[in-house]
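Engineer: Below: one structure in structure tokens.
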Amino acid sequence: MTIAPRARTRGWWLLVRATSLLVLVPALARAAEPCSARPVEASVVGRWPAPLDRLVTLHARDLALRDALDRLAAAARLRLSYTAELIMLDRRVCVSYDSVAAGVVLSDLLTGSAVTPVVAGDDQVVLAPSTAPRRSEQRADRGVNMLDRVVVTGSALGTSQRGLAVDAVVIDRAQLARQSGGTLSQTLNGIVPGVWMWDQSPSSLTAQFGSLRGASSFQVSYPKVYIDGVEVANPLLLTELSPDAVERIEVIRGPQGAALYGADAIGGVINVVMRHDGAAEGDRAQLRGTAGLAQSAFASRPVLVQEHTLALRGGEDLRSSALSVTLGSVGSYVPGAESRDVRGDGGFRIVGTRSMLTGTARFYAKDAGTGTSPLVASPSMPEFAPWPSNHDQWHAGGRHDFSQGAMPADAGATSQSVREYTLGTTATFSTDRRWTHALTLGIDGYRLSGDATTALTSVPSAIDSALRAARGGADRATLRASSVAQFGSADGAAATMTFAAEHSSLQQHTVGDGLYPLGGRNTQYSGWQSNTGVVSQLDASWRGALFATGGLRVERNQGLAAADGLETLPMIGGAAVHDFGPLTTKLRASYGKGIRPAGSAIRASWIERPAVVQGRLAPEEQSGFESGVDAFIGRAFALHVTRFDQHAFGLIQPVKVVSTLMPFPNDGGTGRELYVLQNVGEISNRGWELESSVSAGQLSLIGTISLVESRVRQLALGYQGDLRAGDRMLGVPARTGGLTASWLAPRWSASITTTRATDWMNYDGLALAAAATTGPIVGQQLRQYWRSYPGVTRIDASATRRMFGGLTFVLTGRNLLDVQRGEPDNITVVPGRTITAGVQAKF
């Protein structure tokens with residue numbers, strides 16, 4: 001692709017200016033080491049019993065406590081054993097020691113933790129629970145809060161949340177363990193404010209986001225998703241995760257993440273960090289089996305639901321490996337809508353004094369019946385994505401006459417299947433006290449086949465169109481190199497410079513749209529997409545209280561033809577943190593811009609068909625601000641309040657129109673209904689987010705509230721769809737929220753989660769299905785089939801009881817209010833109240 005000289009000059013000139021600024025930073029920062037080095041003292045060495053008397057040299061800043069303990073173990077050739085629940089392992093620490101006893105370093109790292117190092121062998125040290133922490137440790141523990149956690153999302157190699165100018169939400173392993181299931185909607189709803197996923201049926205293969213701080217695409221909003229740094233080929237197909245295999249999930253909402261992660265991140269970024277820790281004593285193997293019944297108003301009896309997991313962990317923290325396999329199934333809650341799935345996850349980690357190597361493998365397979373709708377007596381032939389005719393025009397399937405033998409290729413198909421995989425590795429190493437480098441290499445892909453649609457009306461949903469366009473397969477390769485330099489002192493002026501380069505290539509092929517074309521040619525698409533980005537980012541701070549962040553990504557993307565393939569994505573923000581005794585407050589604000597090519601992976605097979613695109617499609621863009629205030633009291637209380645104001649431009653909608661072309665041979669009609677892709681116009685996404693958590697002894701509470709207004713401000717020239725200026729975006733709830741209460745006791749635990757979404761507009765699916773035979777329903781005529789949906793509430797619960805040895809009884813309840821209809825429309829059916837019970841054994 002040839003890039004215009006003007007665009008090339010503009011993009012690289014901005015990068016040069018940003019880089020020049022970063023080069024000047026070291027001269028402005030204090031020429032001190034990141035942490036104050038501690039020299040060796042003979043008296044200190046003699047105080048520690050072997051092997052804690054071994055001398056080590058260790059330097060690192062903004063390091064997670066877990067990684068610091070691993071590096072210390074590697075440097076001193078120790079084996080550390082501890083229980084993760086007793087230590088805040090994602091807490092940020094700073095280490096700088098020269099020839100100091102390992103016991104000194106370990107004691108400093110564990111300050112504020114309720115554990116004490118106990119020698120248990122020639123090279124083994126157990127971090128045992130403390131019976132009476134020292135007062136100094138109690139004071140330090142009260143000063144540690146969630147701002148001290150190290151997160152990966154929003155930085156190249158990881159940084160403390162203290163200096164982040166955006167509100168990054170972290171769902172840790174403990175929260176995941178309390179979830180009653182492994183679906184992404186169960187994980188995110190009620191925990192991440194501003195994000196809402198509709199509860200999909202077990203026979204559905206796609207995730208459906210109702211809101212990512214409003215609409216970032218027409219009913220096909222989705223974030224950019226990474227699994228251990230490897231970009232997922234199709235984010236809509238990531239619907240389930242294995243909670244036991246995930247360390248944490250980090251979420252950034254809004255376009256601020258695009259400066260680091262590039263195009264397609266206009267709605268946000270989800271980074272899934274997999275577990276790579278070693279096996280604790282008594283936790284090398286875990287076997288879990290649950291089974292139960294799901295209620296359904298459309299089945300003669302309750303249907304069987306079951307899930308079985310085998311997880312194996314080996315090695316120590318310095319050399320570890322893991323493998324888990326999960327099998328699950330759901331019976332026919334509506335006729336023909338059963339599902340079976342298999343999830344497999346594996347990984348390894350090798351830790352050195354200055355380096356770390358991790359590997360990740362994931363496999364997911366699901367076979368599901370499409371079923372028949374119990375709400376529509378005689379469903380019409382579903383609408384399909386366009387296909388080519390003899391006259392090289394692209395038509396949508398619909399009420400076609402198949403009497404001449406042109407029947408759908410899979411008209412009798414009753415099942416669909418998906419296969420997904422991820423393979424990746426990341427190497428991190430430090431060359432000196434300032435520079436840390438990382439290299440990530442991975443590939444993610446899927447294969448999708450069968451009758452990949454659930455449309456039963458005259459107007460299929462946008463998510464059905466995206467699913468049908470993805471039929472076939474895709475493979476995305478990711479290569480990213482990052483270098484981070486740290487200057488200054490944490491007690492004074494400090495700066496972190498980040499340089500990164502990333503290349504991603506997507507090979508996608510579709511197997512056709514499910515219909516034999518009228519002229520006898522099948523429709524297929526095969527093509528490559530690639531994007532390359534160069535990132536520079538500066539994070540500056542003063543005495544750990546004032547923070548400023550500026551970043552710029554220059555990206556060359558083949559899908560950005562309107563910009564000659566070149567785009568600049570900026571981000572700027574700041575934060576101020578202050579301590580008022582035990583209370584810590586933080587003010588933050590940031591601006592970001594994101595872009596999504598018209599020919600993204602979700603629409604690639606459509607974009608290559610010129611007749612379905614009216615005019616020149618502009619890319620989807622979103623930019624805007626977020627600002628907020630956070631308050632913390634140690635780890636006992638946290639409050640986050642955020643205001644966001646974002647504007648989206650050029651969101652793309654598949655618009656149904658009537659063709660005026662002459663009839664084609666054997667089609668028996670004078671006009672055809674077809675879909676064309678059109679830019680809607682300007683959309684505003686504004687609202688408030690509130691998140692709060694309270695922890696008091698064994699009880700913990702997490703609550704979220706989101707208020708969103710997503711409206712059409714201006715229509716694009718030539719738009720022929722059903723939206724008007726001032727309309728609310730369809731399928732976006734105005735209010736969402738959740739409340740989770742958990743109780744953790746020595747031998748048992750319980751958790752209950754309530755989530756609710758209220759007040760959204762969407763199509764009346766039942767009315768559209770009834771009107772399917774009355775004639776074409778296009779453009780503004782569709783407005784009479786809009787309806788308001790009042791809301792939906794869901795309650796999930798789980799409880800565990802440790803019986804004896806490593807055996808635990810598990811009881812879970814899903815959808816306890818037995819809500820089977822109502823989201824996101826009146827034609828979707830999901831299983832009702834589901835109760836499962838089982839046992840979990842650890843060895």
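Within each chain, counting starts at residue 1; across the structure tokens, chains are named A, B, ... in the order shown, with ligands numbered 1 upward in that order.
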Within 8 Å of segment 529-544 of chain A, which residues of segment 193-276 of chain A come that close, and what is the closest atom pair and distance in Å for each? Count only C-alpha atoms and give it as a Markdown table.
Structural biologist:
```
| residue | atom | partner | partner_atom | distance |
| --- | --- | --- | --- | --- |
| A:Ala259 | CA | A:Val535 | CA | 7.4 |
| A:Leu260 | CA | A:Val535 | CA | 6.5 |
| A:Gly262 | CA | A:Gly533 | CA | 6.9 |
```
Engineer: Write a file of the just-selected residues containing all heavy atoms, as a short mmCIF file (atom, residue, chain, number, x, y, z; two decimals), in the first residue's frame.
Structural biologist:
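Ended up saving to part02.cif:
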```
data_model
loop_
_atom_site.label_atom_id
_atom_site.label_comp_id
_atom_site.auth_asym_id
_atom_site.auth_seq_id
_atom_site.Cartn_x
_atom_site.Cartn_y
_atom_site.Cartn_z
N ALA A 259 -3.92 4.53 22.53
CA ALA A 259 -2.57 5.06 22.35
C ALA A 259 -1.52 3.98 22.56
O ALA A 259 -0.41 4.06 22.01
CB ALA A 259 -2.32 6.22 23.30
N LEU A 260 -1.84 2.96 23.33
CA LEU A 260 -0.90 1.87 23.57
C LEU A 260 -1.24 0.63 22.76
O LEU A 260 -0.36 -0.06 22.27
CB LEU A 260 -0.88 1.52 25.07
CG LEU A 260 0.24 0.58 25.53
CD1 LEU A 260 1.61 1.20 25.30
CD2 LEU A 260 0.05 0.22 26.99
N GLY A 262 -3.59 0.52 20.00
CA GLY A 262 -3.81 0.73 18.58
C GLY A 262 -5.25 0.66 18.15
O GLY A 262 -6.20 0.75 18.94
#
```
Engineer: Leaving out segment 255-257 of chain A and any residue of its chain fewer than 6 positions from it, which residues lie within 7 Å of it when counting only C-alpha atoms, given as a PyMOL selection string?
Structural biologist: chain A and resi 154+265-269+571+591-594+622-623
Engineer: Go ahead and save the picked residues with N, CA, C and O atoms, as a short mmCIF file (atom, residue, chain, number, x, y, z; two decimals), in the first residue's frame.
Structural biologist:
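Result written to result36.cif:
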```
data_model
loop_
_atom_site.label_atom_id
_atom_site.label_comp_id
_atom_site.auth_asym_id
_atom_site.auth_seq_id
_atom_site.Cartn_x
_atom_site.Cartn_y
_atom_site.Cartn_z
N GLY A 154 -2.54 -0.66 30.31
CA GLY A 154 -2.26 0.76 30.44
C GLY A 154 -0.79 1.08 30.48
O GLY A 154 -0.40 2.25 30.53
N ALA A 265 -9.45 -0.38 19.38
CA ALA A 265 -9.62 -0.27 20.83
C ALA A 265 -10.45 0.95 21.20
O ALA A 265 -10.26 1.55 22.25
N ILE A 266 -11.41 1.33 20.33
CA ILE A 266 -12.16 2.56 20.59
C ILE A 266 -13.14 2.40 21.75
O ILE A 266 -13.54 3.38 22.38
N GLY A 267 -13.54 1.17 22.07
CA GLY A 267 -14.46 0.97 23.17
C GLY A 267 -13.79 0.58 24.47
O GLY A 267 -14.39 0.66 25.53
N GLY A 268 -12.53 0.15 24.40
CA GLY A 268 -11.82 -0.26 25.59
C GLY A 268 -10.92 -1.45 25.33
O GLY A 268 -10.83 -1.95 24.19
N VAL A 269 -10.26 -1.91 26.38
CA VAL A 269 -9.31 -3.02 26.28
C VAL A 269 -9.56 -3.96 27.46
O VAL A 269 -9.73 -3.52 28.61
N MET A 571 -2.84 10.14 23.66
CA MET A 571 -3.44 10.02 24.99
C MET A 571 -2.66 10.91 25.93
O MET A 571 -1.43 10.96 25.88
N TYR A 591 -7.51 12.15 28.41
CA TYR A 591 -8.12 12.27 27.08
C TYR A 591 -7.51 11.22 26.18
O TYR A 591 -6.30 10.92 26.27
N GLY A 592 -8.33 10.65 25.31
CA GLY A 592 -7.82 9.66 24.37
C GLY A 592 -8.62 9.64 23.10
O GLY A 592 -9.76 10.12 23.04
N LYS A 593 -8.04 9.06 22.08
CA LYS A 593 -8.70 8.92 20.78
C LYS A 593 -8.44 7.52 20.24
O LYS A 593 -7.31 7.02 20.31
N GLY A 594 -9.48 6.91 19.71
CA GLY A 594 -9.36 5.58 19.13
C GLY A 594 -10.02 5.53 17.77
O GLY A 594 -10.87 6.36 17.42
N GLN A 622 -13.72 7.30 17.94
CA GLN A 622 -14.25 7.79 19.21
C GLN A 622 -13.13 8.50 19.97
O GLN A 622 -12.00 8.01 20.03
N SER A 623 -13.46 9.64 20.52
CA SER A 623 -12.52 10.40 21.33
C SER A 623 -13.29 11.04 22.47
O SER A 623 -14.50 11.22 22.40
#
```
Engineer: Pick from A:Ala245, A:Leu109, A:Ala598, A:Val694: nearest to Ala636 of chain A, with only C-alpha atoms counted?
Structural biologist: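 Looking only at the distances to Ala636 of chain A, the closest residue turns out to be A:Val694.
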Engineer: Could you tell me, as a PyMOL selection string, which residues of segment 752-821 of chain A DSSP assigns to strand (DSSP E or B) when given the backbone?
Structural biologist: chain A and resi 752-763+786-804+807-814+821
Engineer: Report the distance between atom CA of Ala474 of chain A and atom CA of Ile443 of chain A in Å, rounded to one decimal place.
Structural biologist: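 Computed distance, atom CA of Ala474 of chain A to atom CA of Ile443 of chain A, equals 10.4 Å.
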Engineer: In terms of the shortest atom-to-atom distance over only C-alpha atoms, which of A:Thr736, A:Ser430, A:Ser242, A:Ser96 is closest to Gln179 of chain A?
Structural biologist: A:Ser242
Engineer: Taking into account only C-alpha atoms, which residue in the set A:Ile602, A:Met497, A:Ala797, A:Ala734 is nearest to Ile752 of chain A?
Structural biologist: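 Closest to Ile752 of chain A, using only C-alpha atoms: A:Ala797.
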Engineer: Pick out the residues sitting within 9 Å of segment 225-234 of chain A, and hand them over as a ChimeraX atom specification; count only C-alpha atoms, and ignore anything fewer than 3 positions along from it in its own chain.
Structural biologist: /A:222,237-238,265,268-274,359-360,422-426,440-446,470,474-480,504,506,601-602
Engineer: Restricting it to N, CA, C and O atoms, dump the selection as a compact mmCIF listing (two decimals), in the first residue's frame.
Structural biologist:
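Writing done, so here's result-v6.txt:
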```
# COMPACT_ATOMS: atom_id res chain seq x y z
N TYR A 222 -17.62 -3.84 20.97
CA TYR A 222 -16.75 -4.85 21.58
C TYR A 222 -15.42 -4.20 21.91
O TYR A 222 -14.98 -3.26 21.26
N LEU A 237 -16.10 -13.82 19.85
CA LEU A 237 -16.16 -15.26 20.06
C LEU A 237 -15.59 -15.68 21.41
O LEU A 237 -15.65 -16.86 21.75
N LEU A 238 -15.03 -14.75 22.16
CA LEU A 238 -14.53 -15.07 23.49
C LEU A 238 -15.69 -14.92 24.48
O LEU A 238 -16.02 -13.83 24.92
N ALA A 265 -9.45 -0.38 19.38
CA ALA A 265 -9.62 -0.27 20.83
C ALA A 265 -10.45 0.95 21.20
O ALA A 265 -10.26 1.55 22.25
N GLY A 268 -12.53 0.15 24.40
CA GLY A 268 -11.82 -0.26 25.59
C GLY A 268 -10.92 -1.45 25.33
O GLY A 268 -10.83 -1.95 24.19
N VAL A 269 -10.26 -1.91 26.38
CA VAL A 269 -9.31 -3.02 26.28
C VAL A 269 -9.56 -3.96 27.46
O VAL A 269 -9.73 -3.52 28.61
N ILE A 270 -9.61 -5.25 27.17
CA ILE A 270 -9.66 -6.29 28.20
C ILE A 270 -8.41 -7.14 28.07
O ILE A 270 -8.13 -7.68 26.99
N ASN A 271 -7.66 -7.23 29.15
CA ASN A 271 -6.43 -8.01 29.16
C ASN A 271 -6.59 -9.15 30.17
O ASN A 271 -6.73 -8.92 31.37
N VAL A 272 -6.60 -10.39 29.68
CA VAL A 272 -6.73 -11.56 30.52
C VAL A 272 -5.32 -12.07 30.84
O VAL A 272 -4.58 -12.46 29.94
N VAL A 273 -4.95 -12.04 32.11
CA VAL A 273 -3.63 -12.49 32.57
C VAL A 273 -3.80 -13.90 33.15
O VAL A 273 -4.51 -14.09 34.14
N MET A 274 -3.17 -14.87 32.54
CA MET A 274 -3.31 -16.26 32.96
C MET A 274 -2.40 -16.57 34.15
O MET A 274 -1.40 -15.89 34.39
N GLY A 359 4.78 -18.89 29.05
CA GLY A 359 4.10 -19.42 27.87
C GLY A 359 2.65 -19.71 28.19
O GLY A 359 2.30 -20.07 29.32
N THR A 360 1.78 -19.53 27.20
CA THR A 360 0.34 -19.70 27.38
C THR A 360 -0.22 -20.49 26.21
O THR A 360 0.16 -20.26 25.05
N THR A 422 -5.24 -20.27 21.34
CA THR A 422 -4.27 -19.21 21.60
C THR A 422 -2.94 -19.84 21.97
O THR A 422 -2.90 -20.74 22.83
N LEU A 423 -1.87 -19.40 21.36
CA LEU A 423 -0.52 -19.83 21.70
C LEU A 423 0.35 -18.58 21.80
O LEU A 423 0.35 -17.74 20.89
N GLY A 424 1.07 -18.43 22.90
CA GLY A 424 1.89 -17.24 23.05
C GLY A 424 2.98 -17.41 24.08
O GLY A 424 2.92 -18.26 24.97
N THR A 425 3.99 -16.57 23.95
CA THR A 425 5.09 -16.57 24.91
C THR A 425 5.59 -15.14 25.08
O THR A 425 5.55 -14.35 24.13
N THR A 426 6.05 -14.84 26.29
CA THR A 426 6.59 -13.52 26.59
C THR A 426 7.89 -13.68 27.36
O THR A 426 7.96 -14.42 28.34
N THR A 440 6.93 -10.21 23.07
CA THR A 440 5.76 -11.08 23.05
C THR A 440 5.53 -11.58 21.64
O THR A 440 5.51 -10.79 20.69
N LEU A 441 5.32 -12.87 21.53
CA LEU A 441 5.04 -13.50 20.24
C LEU A 441 3.91 -14.49 20.44
O LEU A 441 3.95 -15.32 21.36
N GLY A 442 2.88 -14.40 19.59
CA GLY A 442 1.76 -15.32 19.77
C GLY A 442 0.84 -15.33 18.58
O GLY A 442 0.95 -14.52 17.65
N ILE A 443 -0.08 -16.28 18.60
CA ILE A 443 -1.07 -16.43 17.53
C ILE A 443 -2.39 -16.87 18.15
O ILE A 443 -2.41 -17.64 19.11
N ASP A 444 -3.48 -16.33 17.62
CA ASP A 444 -4.82 -16.68 18.08
C ASP A 444 -5.69 -16.90 16.85
O ASP A 444 -5.57 -16.16 15.85
N GLY A 445 -6.57 -17.88 16.92
CA GLY A 445 -7.40 -18.15 15.76
C GLY A 445 -8.68 -18.88 16.12
O GLY A 445 -8.89 -19.29 17.27
N TYR A 446 -9.54 -19.04 15.13
CA TYR A 446 -10.81 -19.75 15.33
C TYR A 446 -11.25 -20.39 14.02
O TYR A 446 -10.80 -20.02 12.93
N ALA A 470 -18.41 -14.02 9.97
CA ALA A 470 -17.19 -14.66 10.49
C ALA A 470 -17.13 -16.14 10.17
O ALA A 470 -16.13 -16.79 10.52
N ALA A 474 -10.14 -17.63 10.99
CA ALA A 474 -9.17 -16.54 10.96
C ALA A 474 -8.03 -16.89 11.90
O ALA A 474 -8.22 -17.61 12.90
N ASP A 475 -6.85 -16.37 11.59
CA ASP A 475 -5.67 -16.53 12.42
C ASP A 475 -4.95 -15.19 12.49
O ASP A 475 -4.69 -14.57 11.46
N ARG A 476 -4.69 -14.76 13.73
CA ARG A 476 -4.01 -13.47 13.92
C ARG A 476 -2.70 -13.71 14.65
O ARG A 476 -2.67 -14.30 15.73
N ALA A 477 -1.61 -13.23 14.07
CA ALA A 477 -0.28 -13.31 14.68
C ALA A 477 0.08 -11.96 15.28
O ALA A 477 -0.14 -10.91 14.65
N THR A 478 0.65 -11.97 16.48
CA THR A 478 1.02 -10.74 17.19
C THR A 478 2.49 -10.79 17.56
O THR A 478 2.97 -11.79 18.10
N LEU A 479 3.19 -9.71 17.26
CA LEU A 479 4.59 -9.55 17.64
C LEU A 479 4.75 -8.17 18.25
O LEU A 479 4.44 -7.16 17.61
N ARG A 480 5.22 -8.11 19.50
CA ARG A 480 5.37 -6.83 20.18
C ARG A 480 6.69 -6.80 20.93
O ARG A 480 7.03 -7.75 21.65
N SER A 504 0.80 -6.80 13.78
CA SER A 504 -0.26 -7.81 13.83
C SER A 504 -0.73 -8.11 12.43
O SER A 504 -0.96 -7.19 11.64
N LEU A 506 -3.58 -10.52 10.24
CA LEU A 506 -4.79 -11.33 10.30
C LEU A 506 -5.05 -11.96 8.95
O LEU A 506 -5.16 -11.25 7.94
N ALA A 601 -11.91 -6.97 11.48
CA ALA A 601 -12.09 -8.41 11.36
C ALA A 601 -13.56 -8.80 11.41
O ALA A 601 -13.96 -9.79 10.80
N ILE A 602 -14.39 -8.03 12.11
CA ILE A 602 -15.80 -8.36 12.23
C ILE A 602 -16.53 -8.15 10.91
O ILE A 602 -17.52 -8.82 10.62
```
Engineer: Can you list, as a ChimeraX atom specification, every protein, DNA or RNA residue that comes within 7 Å of Leu701 of chain A when you count only C-alpha atoms, leaving out same-chain residues fewer than 5 positions away?
Structural biologist: /A:693-695,740-742
Engineer: Nearest to Ala750 of chain A: which of A:Asp796, A:Asp341, A:Glu823, A:Asp727 is it, counting only C-alpha atoms?
Structural biologist: A:Asp796
Engineer: Check segment 218-450 of chain A with DSSP on the backbone and list each residue it calls helix (DSSP H, G or I), as a list in words.
Structural biologist: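 Put together, the selection reads Pro235, Leu236, Leu237, Pro243, Asp244, Ala245, Pro255, Gln256, Gly257, Ala258, Ala259, Leu260 and Tyr261 of chain A.
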Engineer: List as a list in words the protein and nucleic acid residues near Asp759 of chain A, meaning an atom at most 9 Å away when only C-alpha atoms are counted, but skip any in the same chain fewer than 2 places from it.
Structural biologist: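 The residues that qualify are Val732, Pro733, Ala734, Arg735, Ala757, Met761, Ser788, Tyr789, Pro790 and Gly791 of chain A.
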Engineer: Keeping N, CA, C and O atoms for every residue in the selection just given, could you write it to a file as a PDB file, in the first residue's frame?
Structural biologist:
```pdb
ATOM      1  N   VAL A 732     -28.745  -0.133  24.085  1.00  0.00           N
ATOM      2  CA  VAL A 732     -27.838   0.392  25.113  1.00  0.00           C
ATOM      3  C   VAL A 732     -28.654   0.735  26.359  1.00  0.00           C
ATOM      4  O   VAL A 732     -29.448   1.678  26.335  1.00  0.00           O
ATOM      5  N   PRO A 733     -28.515   0.004  27.457  1.00  0.00           N
ATOM      6  CA  PRO A 733     -29.284   0.309  28.665  1.00  0.00           C
ATOM      7  C   PRO A 733     -28.835   1.627  29.289  1.00  0.00           C
ATOM      8  O   PRO A 733     -27.645   1.942  29.330  1.00  0.00           O
ATOM      9  N   ALA A 734     -29.807   2.384  29.784  1.00  0.00           N
ATOM     10  CA  ALA A 734     -29.494   3.682  30.385  1.00  0.00           C
ATOM     11  C   ALA A 734     -28.886   3.542  31.768  1.00  0.00           C
ATOM     12  O   ALA A 734     -28.095   4.384  32.188  1.00  0.00           O
ATOM     13  N   ARG A 735     -29.252   2.478  32.488  1.00  0.00           N
ATOM     14  CA  ARG A 735     -28.740   2.283  33.847  1.00  0.00           C
ATOM     15  C   ARG A 735     -28.393   0.808  34.043  1.00  0.00           C
ATOM     16  O   ARG A 735     -29.192  -0.082  33.719  1.00  0.00           O
ATOM     17  N   ALA A 757     -30.055  -4.302  34.639  1.00  0.00           N
ATOM     18  CA  ALA A 757     -29.994  -3.325  33.553  1.00  0.00           C
ATOM     19  C   ALA A 757     -31.404  -2.819  33.300  1.00  0.00           C
ATOM     20  O   ALA A 757     -32.361  -3.609  33.282  1.00  0.00           O
ATOM     21  N   MET A 761     -33.915   0.813  24.423  1.00  0.00           N
ATOM     22  CA  MET A 761     -34.744   0.693  23.230  1.00  0.00           C
ATOM     23  C   MET A 761     -34.175  -0.405  22.349  1.00  0.00           C
ATOM     24  O   MET A 761     -32.964  -0.550  22.216  1.00  0.00           O
ATOM     25  N   SER A 788     -39.750  -0.056  24.015  1.00  0.00           N
ATOM     26  CA  SER A 788     -38.939   0.175  25.206  1.00  0.00           C
ATOM     27  C   SER A 788     -38.956  -1.074  26.078  1.00  0.00           C
ATOM     28  O   SER A 788     -39.993  -1.711  26.261  1.00  0.00           O
ATOM     29  N   TYR A 789     -37.785  -1.423  26.612  1.00  0.00           N
ATOM     30  CA  TYR A 789     -37.650  -2.566  27.510  1.00  0.00           C
ATOM     31  C   TYR A 789     -37.374  -2.033  28.909  1.00  0.00           C
ATOM     32  O   TYR A 789     -36.400  -1.286  29.114  1.00  0.00           O
ATOM     33  N   PRO A 790     -38.215  -2.389  29.896  1.00  0.00           N
ATOM     34  CA  PRO A 790     -38.093  -1.774  31.227  1.00  0.00           C
ATOM     35  C   PRO A 790     -36.861  -2.194  31.999  1.00  0.00           C
ATOM     36  O   PRO A 790     -36.255  -1.379  32.693  1.00  0.00           O
ATOM     37  N   GLY A 791     -36.465  -3.471  31.922  1.00  0.00           N
ATOM     38  CA  GLY A 791     -35.284  -3.885  32.664  1.00  0.00           C
ATOM     39  C   GLY A 791     -35.294  -5.370  32.958  1.00  0.00           C
ATOM     40  O   GLY A 791     -36.291  -6.077  32.757  1.00  0.00           O
TER      41      GLY A 791
END
```
Engineer: So how far away is atom CA of Gly346 of chain A from atom CA of Thr183 of chain A, in Å?
Structural biologist: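 That distance, rounded to one decimal, is 18.8 Å.
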Engineer: Can you tell me which residues surround Leu236 of chain A at a distance of at most 9 Å, considering only C-alpha atoms, apart from same-chain residues fewer than 2 positions away, and format the answer as a PyMOL selection string?
Structural biologist: chain A and resi 205-209+220+222-223+234+238-239+463+466-467+602
Engineer: Could you turn the residues from that selection into a file that holds N, CA, C and O atoms, as an mmCIF file, in the first residue's frame?
Structural biologist:
```cif
data_model
loop_
_atom_site.group_PDB
_atom_site.id
_atom_site.type_symbol
_atom_site.label_atom_id
_atom_site.label_comp_id
_atom_site.auth_asym_id
_atom_site.auth_seq_id
_atom_site.Cartn_x
_atom_site.Cartn_y
_atom_site.Cartn_z
ATOM 1 N N LEU A 205 -22.921 -18.588 20.172
ATOM 2 C CA LEU A 205 -21.468 -18.665 20.079
ATOM 3 C C LEU A 205 -20.796 -17.315 20.276
ATOM 4 O O LEU A 205 -19.565 -17.239 20.265
ATOM 5 N N THR A 206 -21.553 -16.260 20.424
ATOM 6 C CA THR A 206 -20.966 -14.930 20.475
ATOM 7 C C THR A 206 -21.313 -14.209 21.767
ATOM 8 O O THR A 206 -22.358 -14.441 22.378
ATOM 9 N N ALA A 207 -20.415 -13.312 22.157
ATOM 10 C CA ALA A 207 -20.697 -12.378 23.241
ATOM 11 C C ALA A 207 -21.404 -11.168 22.661
ATOM 12 O O ALA A 207 -21.172 -10.789 21.511
ATOM 13 N N GLN A 208 -22.268 -10.566 23.437
ATOM 14 C CA GLN A 208 -22.977 -9.372 22.986
ATOM 15 C C GLN A 208 -22.883 -8.302 24.063
ATOM 16 O O GLN A 208 -23.442 -8.445 25.144
ATOM 17 N N PHE A 209 -22.148 -7.236 23.748
ATOM 18 C CA PHE A 209 -21.958 -6.134 24.686
ATOM 19 C C PHE A 209 -23.081 -5.121 24.496
ATOM 20 O O PHE A 209 -23.237 -4.548 23.415
ATOM 21 N N VAL A 220 -22.883 -3.797 17.794
ATOM 22 C CA VAL A 220 -21.783 -4.757 17.746
ATOM 23 C C VAL A 220 -20.581 -4.144 18.455
ATOM 24 O O VAL A 220 -19.445 -4.253 18.001
ATOM 25 N N TYR A 222 -17.623 -3.844 20.967
ATOM 26 C CA TYR A 222 -16.752 -4.847 21.582
ATOM 27 C C TYR A 222 -15.417 -4.201 21.914
ATOM 28 O O TYR A 222 -14.976 -3.256 21.261
ATOM 29 N N PRO A 223 -14.749 -4.683 22.953
ATOM 30 C CA PRO A 223 -13.425 -4.167 23.294
ATOM 31 C C PRO A 223 -12.353 -4.925 22.524
ATOM 32 O O PRO A 223 -12.617 -5.966 21.901
ATOM 33 N N ASN A 234 -11.005 -12.662 17.049
ATOM 34 C CA ASN A 234 -12.376 -12.158 16.995
ATOM 35 C C ASN A 234 -12.888 -12.035 18.428
ATOM 36 O O ASN A 234 -13.249 -13.034 19.055
ATOM 37 N N LEU A 238 -15.026 -14.749 22.158
ATOM 38 C CA LEU A 238 -14.532 -15.074 23.495
ATOM 39 C C LEU A 238 -15.693 -14.924 24.476
ATOM 40 O O LEU A 238 -16.021 -13.826 24.915
ATOM 41 N N THR A 239 -16.337 -16.034 24.809
ATOM 42 C CA THR A 239 -17.522 -16.015 25.654
ATOM 43 C C THR A 239 -17.304 -16.664 27.004
ATOM 44 O O THR A 239 -18.041 -16.392 27.942
ATOM 45 N N ILE A 463 -25.611 -8.528 15.585
ATOM 46 C CA ILE A 463 -24.715 -9.566 16.077
ATOM 47 C C ILE A 463 -24.826 -10.817 15.225
ATOM 48 O O ILE A 463 -23.848 -11.540 15.002
ATOM 49 N N ALA A 466 -22.718 -10.162 12.161
ATOM 50 C CA ALA A 466 -21.289 -10.305 12.456
ATOM 51 C C ALA A 466 -20.893 -11.770 12.571
ATOM 52 O O ALA A 466 -19.821 -12.175 12.107
ATOM 53 N N LEU A 467 -21.757 -12.574 13.170
ATOM 54 C CA LEU A 467 -21.454 -13.995 13.310
ATOM 55 C C LEU A 467 -21.437 -14.691 11.957
ATOM 56 O O LEU A 467 -20.556 -15.496 11.663
ATOM 57 N N ILE A 602 -14.389 -8.028 12.105
ATOM 58 C CA ILE A 602 -15.804 -8.356 12.229
ATOM 59 C C ILE A 602 -16.533 -8.152 10.909
ATOM 60 O O ILE A 602 -17.515 -8.823 10.621
#
```
